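Source file start-v8.pdb; content: PDB, C-alpha atoms and all ligand atoms.
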```pdb
ATOM      1  CA  PRO A   1      12.604  -8.836  20.012  1.00  0.00           C
ATOM      2  CA  ALA A   2      12.649 -10.387  16.514  1.00  0.00           C
ATOM      3  CA  ARG A   3       9.318 -11.932  17.392  1.00  0.00           C
ATOM      4  CA  ARG A   4       7.937  -8.523  18.352  1.00  0.00           C
ATOM      5  CA  ALA A   5       8.801  -7.033  14.970  1.00  0.00           C
ATOM      6  CA  ALA A   6       6.992  -9.895  13.217  1.00  0.00           C
ATOM      7  CA  GLU A   7       4.004  -9.350  15.498  1.00  0.00           C
ATOM      8  CA  VAL A   8       3.856  -5.702  14.407  1.00  0.00           C
ATOM      9  CA  VAL A   9       3.840  -6.829  10.762  1.00  0.00           C
ATOM     10  CA  ARG A  10       0.997  -9.265  11.417  1.00  0.00           C
ATOM     11  CA  GLY A  11      -0.917  -6.587  13.336  1.00  0.00           C
ATOM     12  CA  CYS A  12      -0.547  -4.153  10.443  1.00  0.00           C
ATOM     13  CA  LEU A  13      -1.789  -6.718   7.917  1.00  0.00           C
ATOM     14  CA  ALA A  14      -4.777  -7.518  10.138  1.00  0.00           C
ATOM     15  CA  ALA A  15      -5.665  -3.828  10.493  1.00  0.00           C
ATOM     16  CA  MET A  16      -5.313  -3.329   6.730  1.00  0.00           C
ATOM     17  CA  ALA A  17      -7.579  -6.319   6.033  1.00  0.00           C
ATOM     18  CA  ASP A  18     -10.168  -4.932   8.463  1.00  0.00           C
ATOM     19  CA  VAL A  19     -10.336  -1.515   6.828  1.00  0.00           C
ATOM     20  CA  VAL A  20     -10.392  -2.957   3.308  1.00  0.00           C
ATOM     21  CA  GLU A  21     -13.212  -5.263   4.355  1.00  0.00           C
ATOM     22  CA  ARG A  22     -15.182  -2.261   5.646  1.00  0.00           C
ATOM     23  CA  GLU A  23     -14.474  -0.253   2.482  1.00  0.00           C
ATOM     24  CA  GLU A  24     -14.683  -3.111  -0.002  1.00  0.00           C
ATOM     25  CA  SER A  25     -17.832  -1.938  -1.743  1.00  0.00           C
ATOM     26  CA  TYR A  26     -16.690   1.711  -1.878  1.00  0.00           C
ATOM     27  CA  LEU A  27     -13.369   0.646  -3.443  1.00  0.00           C
ATOM     28  CA  GLY A  28     -15.278  -1.450  -5.958  1.00  0.00           C
ATOM     29  CA  ASP A  29     -17.602   1.435  -6.768  1.00  0.00           C
ATOM     30  CA  ILE A  30     -14.820   3.903  -7.478  1.00  0.00           C
ATOM     31  CA  ASP A  31     -12.981   1.273  -9.568  1.00  0.00           C
ATOM     32  CA  ALA A  32     -16.186   0.721 -11.575  1.00  0.00           C
ATOM     33  CA  VAL A  33     -16.292   4.365 -12.703  1.00  0.00           C
ATOM     34  CA  ALA A  34     -13.534   3.883 -15.296  1.00  0.00           C
ATOM     35  CA  GLY A  35     -12.053   0.465 -14.416  1.00  0.00           C
ATOM     36  CA  ASP A  36     -13.548  -3.002 -13.874  1.00  0.00           C
ATOM     37  CA  GLY A  37     -14.957  -2.617 -10.358  1.00  0.00           C
ATOM     38  CA  ASP A  38     -12.919  -5.352  -8.689  1.00  0.00           C
ATOM     39  CA  HIS A  39     -10.519  -3.290  -6.579  1.00  0.00           C
ATOM     40  CA  GLY A  40     -12.196  -3.896  -3.217  1.00  0.00           C
ATOM     41  CA  ARG A  41     -12.553  -7.614  -3.855  1.00  0.00           C
ATOM     42  CA  GLY A  42      -8.986  -7.947  -5.162  1.00  0.00           C
ATOM     43  CA  MET A  43      -7.465  -6.027  -2.246  1.00  0.00           C
ATOM     44  CA  LEU A  44      -9.383  -8.156   0.234  1.00  0.00           C
ATOM     45  CA  ARG A  45      -8.436 -11.417  -1.481  1.00  0.00           C
ATOM     46  CA  GLY A  46      -4.781 -10.358  -1.602  1.00  0.00           C
ATOM     47  CA  LEU A  47      -4.715  -9.170   1.997  1.00  0.00           C
ATOM     48  CA  ARG A  48      -6.338 -12.344   3.301  1.00  0.00           C
ATOM     49  CA  ALA A  49      -3.733 -14.423   1.490  1.00  0.00           C
ATOM     50  CA  ALA A  50      -1.010 -12.108   2.793  1.00  0.00           C
ATOM     51  CA  ARG A  51      -2.214 -12.503   6.386  1.00  0.00           C
ATOM     52  CA  ALA A  52      -2.325 -16.268   6.131  1.00  0.00           C
ATOM     53  CA  ALA A  53       1.181 -16.393   4.671  1.00  0.00           C
ATOM     54  CA  ALA A  54       2.609 -14.146   7.413  1.00  0.00           C
ATOM     55  CA  ASP A  55       0.946 -16.178  10.145  1.00  0.00           C
ATOM     56  CA  ASP A  56       3.958 -18.355  10.949  1.00  0.00           C
ATOM     57  CA  ALA A  57       5.715 -17.918  14.282  1.00  0.00           C
ATOM     58  CA  ALA A  58       9.035 -18.992  12.743  1.00  0.00           C
ATOM     59  CA  LEU A  59       9.151 -15.861  10.547  1.00  0.00           C
ATOM     60  CA  GLY A  60      10.867 -12.606  11.428  1.00  0.00           C
ATOM     61  CA  ALA A  61       9.472  -9.274  10.209  1.00  0.00           C
ATOM     62  CA  GLY A  62      11.301  -9.414   6.884  1.00  0.00           C
ATOM     63  CA  GLY A  63      10.320 -13.025   6.237  1.00  0.00           C
ATOM     64  CA  ALA A  64       6.707 -12.307   7.154  1.00  0.00           C
ATOM     65  CA  LEU A  65       6.606  -9.327   4.774  1.00  0.00           C
ATOM     66  CA  ARG A  66       8.211 -11.287   1.959  1.00  0.00           C
ATOM     67  CA  ALA A  67       5.814 -14.207   2.410  1.00  0.00           C
ATOM     68  CA  ALA A  68       2.863 -11.810   2.615  1.00  0.00           C
ATOM     69  CA  GLY A  69       3.956 -10.004  -0.550  1.00  0.00           C
ATOM     70  CA  ALA A  70       4.396 -13.219  -2.514  1.00  0.00           C
ATOM     71  CA  ALA A  71       0.957 -14.482  -1.468  1.00  0.00           C
ATOM     72  CA  TRP A  72      -0.698 -11.144  -2.200  1.00  0.00           C
ATOM     73  CA  ALA A  73       0.752 -10.944  -5.734  1.00  0.00           C
ATOM     74  CA  ASP A  74      -0.201 -14.546  -6.329  1.00  0.00           C
ATOM     75  CA  ARG A  75      -3.776 -14.454  -5.132  1.00  0.00           C
ATOM     76  CA  SER A  76      -5.274 -10.971  -5.602  1.00  0.00           C
ATOM     77  CA  GLY A  77      -5.853 -11.346  -9.342  1.00  0.00           C
ATOM     78  CA  GLY A  78      -5.324  -7.673 -10.207  1.00  0.00           C
ATOM     79  CA  SER A  79      -2.579  -5.251 -11.166  1.00  0.00           C
ATOM     80  CA  SER A  80      -2.723  -3.676  -7.721  1.00  0.00           C
ATOM     81  CA  GLY A  81      -1.963  -7.052  -6.114  1.00  0.00           C
ATOM     82  CA  VAL A  82       1.195  -7.517  -8.155  1.00  0.00           C
ATOM     83  CA  LEU A  83       2.330  -4.023  -7.157  1.00  0.00           C
ATOM     84  CA  TRP A  84       1.453  -4.442  -3.458  1.00  0.00           C
ATOM     85  CA  GLY A  85       3.240  -7.787  -3.521  1.00  0.00           C
ATOM     86  CA  ALA A  86       6.396  -6.186  -4.847  1.00  0.00           C
ATOM     87  CA  LEU A  87       6.078  -3.329  -2.333  1.00  0.00           C
ATOM     88  CA  LEU A  88       5.850  -5.666   0.657  1.00  0.00           C
ATOM     89  CA  ARG A  89       8.657  -7.889  -0.596  1.00  0.00           C
ATOM     90  CA  GLU A  90      10.964  -4.922  -1.019  1.00  0.00           C
ATOM     91  CA  ILE A  91      10.094  -3.503   2.407  1.00  0.00           C
ATOM     92  CA  GLY A  92      10.705  -6.951   3.903  1.00  0.00           C
ATOM     93  CA  ALA A  93      14.071  -7.273   2.196  1.00  0.00           C
ATOM     94  CA  VAL A  94      15.207  -3.913   3.567  1.00  0.00           C
ATOM     95  CA  VAL A  95      13.945  -4.258   7.163  1.00  0.00           C
ATOM     96  CA  GLY A  96      15.232  -7.824   7.594  1.00  0.00           C
ATOM     97  CA  ASP A  97      14.536 -10.236  10.428  1.00  0.00           C
ATOM     98  CA  GLY A  98      16.120  -8.532  13.394  1.00  0.00           C
ATOM     99  CA  ASP A  99      14.711  -6.472  16.232  1.00  0.00           C
ATOM    100  CA  LEU A 100      12.287  -3.571  15.562  1.00  0.00           C
ATOM    101  CA  PRO A 101      13.982  -1.643  12.739  1.00  0.00           C
ATOM    102  CA  ALA A 102      15.232   1.912  13.207  1.00  0.00           C
ATOM    103  CA  ALA A 103      12.972   4.642  11.821  1.00  0.00           C
ATOM    104  CA  ALA A 104      15.601   5.480   9.184  1.00  0.00           C
ATOM    105  CA  THR A 105      15.551   1.858   7.987  1.00  0.00           C
ATOM    106  CA  VAL A 106      11.764   1.970   7.612  1.00  0.00           C
ATOM    107  CA  VAL A 107      12.068   5.239   5.675  1.00  0.00           C
ATOM    108  CA  ASP A 108      14.591   3.608   3.364  1.00  0.00           C
ATOM    109  CA  ALA A 109      12.412   0.505   2.981  1.00  0.00           C
ATOM    110  CA  VAL A 110       9.309   2.496   2.028  1.00  0.00           C
ATOM    111  CA  ARG A 111      11.229   4.692  -0.400  1.00  0.00           C
ATOM    112  CA  ARG A 112      12.771   1.676  -2.114  1.00  0.00           C
ATOM    113  CA  GLY A 113       9.376  -0.013  -2.174  1.00  0.00           C
ATOM    114  CA  ALA A 114       7.914   3.013  -3.954  1.00  0.00           C
ATOM    115  CA  GLU A 115      10.746   2.863  -6.491  1.00  0.00           C
ATOM    116  CA  VAL A 116      10.028  -0.802  -7.179  1.00  0.00           C
ATOM    117  CA  VAL A 117       6.309  -0.078  -7.690  1.00  0.00           C
ATOM    118  CA  ALA A 118       7.156   2.741 -10.125  1.00  0.00           C
ATOM    119  CA  ARG A 119       9.602   0.570 -12.061  1.00  0.00           C
ATOM    120  CA  LEU A 120       7.324  -2.458 -12.224  1.00  0.00           C
ATOM    121  CA  GLY A 121       4.192  -0.530 -13.224  1.00  0.00           C
ATOM    122  CA  GLY A 122       5.963   1.978 -15.447  1.00  0.00           C
ATOM    123  CA  ALA A 123       3.981   4.812 -13.839  1.00  0.00           C
ATOM    124  CA  ALA A 124       5.017   8.121 -12.321  1.00  0.00           C
ATOM    125  CA  VAL A 125       3.438  10.602  -9.927  1.00  0.00           C
ATOM    126  CA  GLY A 126       0.550  12.334 -11.711  1.00  0.00           C
ATOM    127  CA  ASP A 127      -0.521   9.261 -13.706  1.00  0.00           C
ATOM    128  CA  LYS A 128      -3.440   8.677 -11.295  1.00  0.00           C
ATOM    129  CA  THR A 129      -2.301   5.474  -9.614  1.00  0.00           C
ATOM    130  CA  MET A 130      -1.433   4.288  -6.109  1.00  0.00           C
ATOM    131  CA  LEU A 131       1.899   6.068  -6.591  1.00  0.00           C
ATOM    132  CA  ASP A 132       0.055   9.365  -6.133  1.00  0.00           C
ATOM    133  CA  ALA A 133      -0.490   8.376  -2.493  1.00  0.00           C
ATOM    134  CA  LEU A 134       2.562   6.166  -1.967  1.00  0.00           C
ATOM    135  CA  VAL A 135       5.177   8.697  -3.078  1.00  0.00           C
ATOM    136  CA  PRO A 136       3.827  11.592  -0.947  1.00  0.00           C
ATOM    137  CA  PHE A 137       3.627   9.107   1.928  1.00  0.00           C
ATOM    138  CA  ALA A 138       7.261   8.060   1.467  1.00  0.00           C
ATOM    139  CA  ASP A 139       8.389  11.694   1.173  1.00  0.00           C
ATOM    140  CA  ALA A 140       6.451  12.848   4.249  1.00  0.00           C
ATOM    141  CA  LEU A 141       7.679   9.886   6.293  1.00  0.00           C
ATOM    142  CA  ALA A 142      11.278  10.676   5.365  1.00  0.00           C
ATOM    143  CA  GLN A 143      10.789  14.352   6.200  1.00  0.00           C
ATOM    144  CA  ARG A 144       9.198  13.746   9.620  1.00  0.00           C
ATOM    145  CA  VAL A 145      11.833  11.204  10.606  1.00  0.00           C
ATOM    146  CA  ALA A 146      14.601  13.561   9.447  1.00  0.00           C
ATOM    147  CA  ASP A 147      12.982  16.221  11.661  1.00  0.00           C
ATOM    148  CA  GLY A 148      13.316  13.867  14.618  1.00  0.00           C
ATOM    149  CA  ALA A 149       9.826  12.389  14.970  1.00  0.00           C
ATOM    150  CA  GLU A 150       9.412   8.870  16.368  1.00  0.00           C
ATOM    151  CA  LEU A 151       8.351   6.344  13.718  1.00  0.00           C
ATOM    152  CA  PRO A 152       4.699   5.932  14.814  1.00  0.00           C
ATOM    153  CA  VAL A 153       4.172   9.702  14.919  1.00  0.00           C
ATOM    154  CA  ALA A 154       5.909  10.217  11.580  1.00  0.00           C
ATOM    155  CA  TRP A 155       3.948   7.347  10.028  1.00  0.00           C
ATOM    156  CA  ARG A 156       0.590   8.687  11.185  1.00  0.00           C
ATOM    157  CA  ALA A 157       1.361  12.181   9.883  1.00  0.00           C
ATOM    158  CA  ALA A 158       2.491  10.702   6.545  1.00  0.00           C
ATOM    159  CA  ALA A 159      -0.718   8.638   6.348  1.00  0.00           C
ATOM    160  CA  GLU A 160      -2.782  11.836   6.614  1.00  0.00           C
ATOM    161  CA  ILE A 161      -0.706  13.361   3.787  1.00  0.00           C
ATOM    162  CA  ALA A 162      -1.346  10.206   1.741  1.00  0.00           C
ATOM    163  CA  HIS A 163      -5.064  10.492   2.432  1.00  0.00           C
ATOM    164  CA  ALA A 164      -5.207  14.079   1.170  1.00  0.00           C
ATOM    165  CA  ALA A 165      -3.069  13.148  -1.828  1.00  0.00           C
ATOM    166  CA  ALA A 166      -5.384  10.230  -2.662  1.00  0.00           C
ATOM    167  CA  GLU A 167      -8.427  12.509  -2.536  1.00  0.00           C
ATOM    168  CA  ALA A 168      -6.621  14.990  -4.787  1.00  0.00           C
ATOM    169  CA  THR A 169      -6.286  12.347  -7.534  1.00  0.00           C
ATOM    170  CA  SER A 170      -9.946  13.078  -8.324  1.00  0.00           C
ATOM    171  CA  GLU A 171      -8.800  15.898 -10.559  1.00  0.00           C
ATOM    172  CA  LEU A 172      -6.350  13.737 -12.511  1.00  0.00           C
ATOM    173  CA  ARG A 173      -6.840  11.721 -15.693  1.00  0.00           C
ATOM    174  CA  PRO A 174      -5.409   8.172 -15.576  1.00  0.00           C
ATOM    175  CA  ARG A 175      -2.431   7.665 -17.876  1.00  0.00           C
ATOM    176  CA  VAL A 176      -1.749   3.971 -17.140  1.00  0.00           C
ATOM    177  CA  GLY A 177      -3.728   0.875 -16.201  1.00  0.00           C
ATOM    178  CA  ARG A 178      -7.214  -0.327 -16.952  1.00  0.00           C
ATOM    179  CA  ALA A 179      -8.872   3.057 -16.380  1.00  0.00           C
ATOM    180  CA  ARG A 180      -6.941   4.805 -19.158  1.00  0.00           C
ATOM    181  CA  PRO A 181      -9.361   4.184 -22.048  1.00  0.00           C
ATOM    182  CA  LEU A 182     -12.124   5.829 -20.007  1.00  0.00           C
ATOM    183  CA  ALA A 183      -9.860   8.484 -18.572  1.00  0.00           C
ATOM    184  CA  GLN A 184     -12.297  11.350 -18.934  1.00  0.00           C
ATOM    185  CA  ARG A 185     -15.008   9.452 -17.068  1.00  0.00           C
ATOM    186  CA  SER A 186     -12.667   9.020 -14.110  1.00  0.00           C
ATOM    187  CA  VAL A 187     -12.275  12.770 -13.547  1.00  0.00           C
ATOM    188  CA  GLY A 188     -14.163  13.636 -10.359  1.00  0.00           C
ATOM    189  CA  THR A 189     -13.479  10.246  -8.757  1.00  0.00           C
ATOM    190  CA  PRO A 190     -10.272   9.453  -6.857  1.00  0.00           C
ATOM    191  CA  ASP A 191      -7.986   6.631  -7.981  1.00  0.00           C
ATOM    192  CA  PRO A 192      -9.019   3.413  -6.199  1.00  0.00           C
ATOM    193  CA  GLY A 193      -5.441   2.249  -5.683  1.00  0.00           C
ATOM    194  CA  ALA A 194      -4.438   5.590  -4.168  1.00  0.00           C
ATOM    195  CA  VAL A 195      -7.462   5.559  -1.846  1.00  0.00           C
ATOM    196  CA  SER A 196      -6.813   1.992  -0.683  1.00  0.00           C
ATOM    197  CA  PHE A 197      -3.140   2.769  -0.134  1.00  0.00           C
ATOM    198  CA  ALA A 198      -4.054   5.691   2.130  1.00  0.00           C
ATOM    199  CA  LEU A 199      -6.564   3.554   4.046  1.00  0.00           C
ATOM    200  CA  CYS A 200      -3.938   0.852   4.540  1.00  0.00           C
ATOM    201  CA  ALA A 201      -1.274   3.346   5.617  1.00  0.00           C
ATOM    202  CA  ARG A 202      -3.660   4.792   8.201  1.00  0.00           C
ATOM    203  CA  ALA A 203      -4.664   1.362   9.492  1.00  0.00           C
ATOM    204  CA  ALA A 204      -1.030   0.286   9.834  1.00  0.00           C
ATOM    205  CA  GLY A 205      -0.241   3.539  11.628  1.00  0.00           C
ATOM    206  CA  GLU A 206      -2.776   2.752  14.322  1.00  0.00           C
ATOM    207  CA  VAL A 207      -0.901  -0.461  15.078  1.00  0.00           C
ATOM    208  CA  LEU A 208       2.619   1.016  15.209  1.00  0.00           C
ATOM    209  CA  GLY A 209       3.881   1.961  18.632  1.00  0.00           C
ATOM    210  CA  VAL A 210       0.962   0.457  20.605  1.00  0.00           C
TER
HETATM  211  P1  LIG B 301      -7.070  -4.110 -12.131  1.00  0.00           P
HETATM  212  O1  LIG B 301      -6.896  -2.763 -12.765  1.00  0.00           O
HETATM  213  O2  LIG B 301      -6.166  -5.150 -12.716  1.00  0.00           O
HETATM  214  O3  LIG B 301      -8.508  -4.525 -12.042  1.00  0.00           O
HETATM  215  P2  LIG B 301      -7.207  -3.301  -9.354  1.00  0.00           P
HETATM  216  O4  LIG B 301      -8.598  -2.882  -9.660  1.00  0.00           O
HETATM  217  O5  LIG B 301      -7.033  -4.210  -8.178  1.00  0.00           O
HETATM  218  O6  LIG B 301      -6.523  -3.963 -10.619  1.00  0.00           O
HETATM  219  O7  LIG B 301      -6.303  -2.035  -9.045  1.00  0.00           O
HETATM  220  C1  LIG B 301      -6.427  -0.857  -9.785  1.00  0.00           C
HETATM  221  C2  LIG B 301      -5.430   0.135  -9.223  1.00  0.00           C
HETATM  222  O8  LIG B 301      -4.110  -0.352  -9.415  1.00  0.00           O
HETATM  223  C3  LIG B 301      -5.466   1.472  -9.882  1.00  0.00           C
HETATM  224  O9  LIG B 301      -6.430   2.303  -9.271  1.00  0.00           O
HETATM  225  C4  LIG B 301      -4.055   1.994  -9.675  1.00  0.00           C
HETATM  226  O10 LIG B 301      -3.931   2.653  -8.428  1.00  0.00           O
HETATM  227  C5  LIG B 301      -3.243   0.736  -9.603  1.00  0.00           C
HETATM  228  N1  LIG B 301      -2.495   0.518 -10.839  1.00  0.00           N
HETATM  229  C6  LIG B 301      -2.936  -0.100 -11.949  1.00  0.00           C
HETATM  230  N2  LIG B 301      -1.956  -0.133 -12.888  1.00  0.00           N
HETATM  231  C7  LIG B 301      -0.878   0.498 -12.328  1.00  0.00           C
HETATM  232  C8  LIG B 301       0.446   0.785 -12.772  1.00  0.00           C
HETATM  233  N3  LIG B 301       0.872   0.419 -13.981  1.00  0.00           N
HETATM  234  N4  LIG B 301       1.274   1.432 -11.909  1.00  0.00           N
HETATM  235  C9  LIG B 301       0.862   1.786 -10.678  1.00  0.00           C
HETATM  236  N5  LIG B 301      -0.374   1.537 -10.211  1.00  0.00           N
HETATM  237  C10 LIG B 301      -1.237   0.908 -11.017  1.00  0.00           C
HETATM  238 MG    MG B 302      -9.921  -3.222 -11.111  1.00  0.00          MG
HETATM  239 MG    MG B 303      -9.364  -6.402 -12.521  1.00  0.00          MG
END
```
Show the structure stored in the file as structure tokens.
Amino acid sequence: PARRAAEVVRGCLAAMADVVEREESYLGDIDAVAGDGDHGRGMLRGLRAARAAADDAALGAGGALRAAGAAWADRSGGSSGVLWGALLREIGAVVGDGDLPAAATVVDAVRRGAEVVARLGGAAVGDKTMLDALVPFADALAQRVADGAELPVAWRAAAEIAHAAAEATSELRPRVGRARPLAQRSVGTPDPGAVSFALCARAAGEVLGV
């Protein structure tokens, strides 16, 4: 049972790495509009390090997530990597190393992870960052689970909400991060960190419950 939860974590990281690899150049292109163009590369570097760190049969789900988060923050080389690292570490701390966590525990873990990202980055919803996908994701996940949906179903619905929310960041002007000085240029292009978050949430959702 504890081993199965860790396997789900490793499967999610693998699926996330696959989608980021496919979308690497697109993520770089949208980061180049007002940022420095390294978002695809940084996400892929961080995710590969995260996968390697989680690939240890002795780890439970929480340990695998914490190891993955530490490696991601360490190796991605960008602000998004530090934030993803903190997100995974917080989720890992909340879900722990036991059997597959209850849906309500996952809801709590994601919500607390979003709070940590907001605190660490000093950003809020509307600032045109990954939080503009992460927070709607956390809210939709909580709502679906409260309505009685099974975790995989709730997660997949929340990932679609995150995807729409990421696309909607096109209209926003960045208020934090590297894209801020060229904020006006970024209007019309979605936030790279929000787009990659939605892609990762979708990819992870395909792994849950299979
Ligand atoms: P860098 O800006 O260091 O090159 P990346 O290109 O990997 O890092 O990631 C850029 C993304 O990180 C942005 O699109 C945004 O979503 C996210 N981001 C950057 N700074 C912050 C912040 N302070 N709070 C939340 N998200 C942020
Ligand atoms: Mg960048
Ligand atoms: Mg950079």
(request) Could you tell me which residues the PyMOL selection byres (((chain A and resi 194) around 6) and not hetatm) grabs in this file, written as a PyMOL selection string? (result) chain A and resi 129-130+133+166+191-193+195-197
Let me know the centre plus edge lengths, in Å and rounded to one decimal, of a box with edges along x, y and z that contains all listed atoms of region 59-78 of chain A and is padded by 3 Å on every side, as AutoDock Vina command-line options.
```
--center_x 2.7 --center_y -11.8 --center_z 0.6 --size_x 23.2 --size_y 14.2 --size_z 27.6
```
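Minimum distance to ligand MG 302 (chain B) across A:Thr189, A:Gln143, A:Thr105, A:Ser80 (counting only C-alpha atoms and all ligand atoms) occurs at A:Ser80.
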(request) Name each residue within 12 Å of ligand MG 302 (chain B), counting all atoms listed in the file, as a ChimeraX atom specification. (result) /A:27-43,76-81,129,177-180,191-193
Suppose we keep C-alpha atoms; can you now write the selection as an mmCIF file, in the coordinates of the input?
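Writing the result to again.cif gives the following:
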```cif
data_model
loop_
_atom_site.group_PDB
_atom_site.id
_atom_site.type_symbol
_atom_site.label_atom_id
_atom_site.label_comp_id
_atom_site.auth_asym_id
_atom_site.auth_seq_id
_atom_site.Cartn_x
_atom_site.Cartn_y
_atom_site.Cartn_z
ATOM 1 C CA LEU A 27 -13.369 0.646 -3.443
ATOM 2 C CA GLY A 28 -15.278 -1.450 -5.958
ATOM 3 C CA ASP A 29 -17.602 1.435 -6.768
ATOM 4 C CA ILE A 30 -14.820 3.903 -7.478
ATOM 5 C CA ASP A 31 -12.981 1.273 -9.568
ATOM 6 C CA ALA A 32 -16.186 0.721 -11.575
ATOM 7 C CA VAL A 33 -16.292 4.365 -12.703
ATOM 8 C CA ALA A 34 -13.534 3.883 -15.296
ATOM 9 C CA GLY A 35 -12.053 0.465 -14.416
ATOM 10 C CA ASP A 36 -13.548 -3.002 -13.874
ATOM 11 C CA GLY A 37 -14.957 -2.617 -10.358
ATOM 12 C CA ASP A 38 -12.919 -5.352 -8.689
ATOM 13 C CA HIS A 39 -10.519 -3.290 -6.579
ATOM 14 C CA GLY A 40 -12.196 -3.896 -3.217
ATOM 15 C CA ARG A 41 -12.553 -7.614 -3.855
ATOM 16 C CA GLY A 42 -8.986 -7.947 -5.162
ATOM 17 C CA MET A 43 -7.465 -6.027 -2.246
ATOM 18 C CA SER A 76 -5.274 -10.971 -5.602
ATOM 19 C CA GLY A 77 -5.853 -11.346 -9.342
ATOM 20 C CA GLY A 78 -5.324 -7.673 -10.207
ATOM 21 C CA SER A 79 -2.579 -5.251 -11.166
ATOM 22 C CA SER A 80 -2.723 -3.676 -7.721
ATOM 23 C CA GLY A 81 -1.963 -7.052 -6.114
ATOM 24 C CA THR A 129 -2.301 5.474 -9.614
ATOM 25 C CA GLY A 177 -3.728 0.875 -16.201
ATOM 26 C CA ARG A 178 -7.214 -0.327 -16.952
ATOM 27 C CA ALA A 179 -8.872 3.057 -16.380
ATOM 28 C CA ARG A 180 -6.941 4.805 -19.158
ATOM 29 C CA ASP A 191 -7.986 6.631 -7.981
ATOM 30 C CA PRO A 192 -9.019 3.413 -6.199
ATOM 31 C CA GLY A 193 -5.441 2.249 -5.683
#
```
What does the PyMOL selection byres (((chain A and resi 158) around 6) and not hetatm) select in this file, as a PDB file with C-alpha atoms, in the frame of the given file?
```
ATOM      1  CA  PHE A 137       3.627   9.107   1.928  1.00  0.00           C
ATOM      2  CA  ALA A 140       6.451  12.848   4.249  1.00  0.00           C
ATOM      3  CA  LEU A 141       7.679   9.886   6.293  1.00  0.00           C
ATOM      4  CA  TRP A 155       3.948   7.347  10.028  1.00  0.00           C
ATOM      5  CA  ARG A 156       0.590   8.687  11.185  1.00  0.00           C
ATOM      6  CA  ALA A 157       1.361  12.181   9.883  1.00  0.00           C
ATOM      7  CA  ALA A 159      -0.718   8.638   6.348  1.00  0.00           C
ATOM      8  CA  GLU A 160      -2.782  11.836   6.614  1.00  0.00           C
ATOM      9  CA  ILE A 161      -0.706  13.361   3.787  1.00  0.00           C
TER      10      ILE A 161
END
```
(message) Which residue is closest to ligand LIG 301 (chain B)? Choose from A:Ala64, A:Val176, A:Val107, A:Leu151 and count all atoms listed in the file.
(response)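 Nearest to ligand LIG 301 (chain B): A:Val176.
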(request) Excluding Ala124 (chain A) and any residue of its chain fewer than 4 positions from it, enumerate the residues within 10 Å of it, using all atoms listed in the file, and give them as a PyMOL selection string. (result) chain A and resi 115+117-119+128-132+135+175-176
Result set, the PyMOL selection byres (((chain A and resi 10-24) around 10) and not hetatm) on current file, as a compact mmCIF listing (two decimals) with C-alpha atoms, in the frame of the given file:
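Written output follows (selection-v3.txt):
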```txt
# COMPACT_ATOMS: atom_id res chain seq x y z
CA ARG A 4 7.94 -8.52 18.35
CA ALA A 5 8.80 -7.03 14.97
CA ALA A 6 6.99 -9.90 13.22
CA GLU A 7 4.00 -9.35 15.50
CA VAL A 8 3.86 -5.70 14.41
CA VAL A 9 3.84 -6.83 10.76
CA SER A 25 -17.83 -1.94 -1.74
CA TYR A 26 -16.69 1.71 -1.88
CA LEU A 27 -13.37 0.65 -3.44
CA GLY A 28 -15.28 -1.45 -5.96
CA ASP A 29 -17.60 1.44 -6.77
CA ASP A 38 -12.92 -5.35 -8.69
CA HIS A 39 -10.52 -3.29 -6.58
CA GLY A 40 -12.20 -3.90 -3.22
CA ARG A 41 -12.55 -7.61 -3.86
CA GLY A 42 -8.99 -7.95 -5.16
CA MET A 43 -7.46 -6.03 -2.25
CA LEU A 44 -9.38 -8.16 0.23
CA ARG A 45 -8.44 -11.42 -1.48
CA GLY A 46 -4.78 -10.36 -1.60
CA LEU A 47 -4.72 -9.17 2.00
CA ARG A 48 -6.34 -12.34 3.30
CA ALA A 50 -1.01 -12.11 2.79
CA ARG A 51 -2.21 -12.50 6.39
CA ALA A 52 -2.33 -16.27 6.13
CA ALA A 53 1.18 -16.39 4.67
CA ALA A 54 2.61 -14.15 7.41
CA ASP A 55 0.95 -16.18 10.14
CA ASP A 56 3.96 -18.36 10.95
CA ALA A 61 9.47 -9.27 10.21
CA ALA A 64 6.71 -12.31 7.15
CA LEU A 65 6.61 -9.33 4.77
CA ALA A 68 2.86 -11.81 2.62
CA SER A 196 -6.81 1.99 -0.68
CA PHE A 197 -3.14 2.77 -0.13
CA LEU A 199 -6.56 3.55 4.05
CA CYS A 200 -3.94 0.85 4.54
CA ALA A 201 -1.27 3.35 5.62
CA ARG A 202 -3.66 4.79 8.20
CA ALA A 203 -4.66 1.36 9.49
CA ALA A 204 -1.03 0.29 9.83
CA GLY A 205 -0.24 3.54 11.63
CA GLU A 206 -2.78 2.75 14.32
CA VAL A 207 -0.90 -0.46 15.08
CA LEU A 208 2.62 1.02 15.21
```
(request) Can you work out which one of A:Ala109, A:Ala86, A:Ile91, A:Ala2 has the shortest atom-to-atom distance to ligand LIG 301 (chain B), counting all atoms listed in the file? (result) A:Ala86
(request) Would you please work out which residue, of A:Val95, A:Glu90, A:Arg144, A:Gly126, is nearest to Arg112 (chain A) when using all atoms listed in the file? (result)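 Distance minimum relative to Arg112 (chain A) lands on A:Glu90.
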(request) Would you mind telling me which residue in A:Ala104, A:Ala67, A:Val125, A:Ala138 lies nearest to ligand LIG 301 (chain B) when using only C-alpha atoms and all ligand atoms? (result) A:Val125
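Candidate residues A:Val82, A:Ser186, A:Glu171, A:Gly63 were compared for distance to ligand MG 303 (chain B), and the nearest is A:Val82, using all atoms listed in the file.
You will find atom N1 of ligand LIG 301 (chain B) at 14.3 Å from CA of Leu182 (chain A).
From CA of Ala103 (chain A) back to CA of Val145 (chain A), the distance works out to 6.8 Å.
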(request) Grab the atom O6 of ligand LIG 301 (chain B) to CA of Val106 (chain A) distance for me, in Å with one decimal place. (result)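 Computing it gives 26.5 Å between the two atoms.
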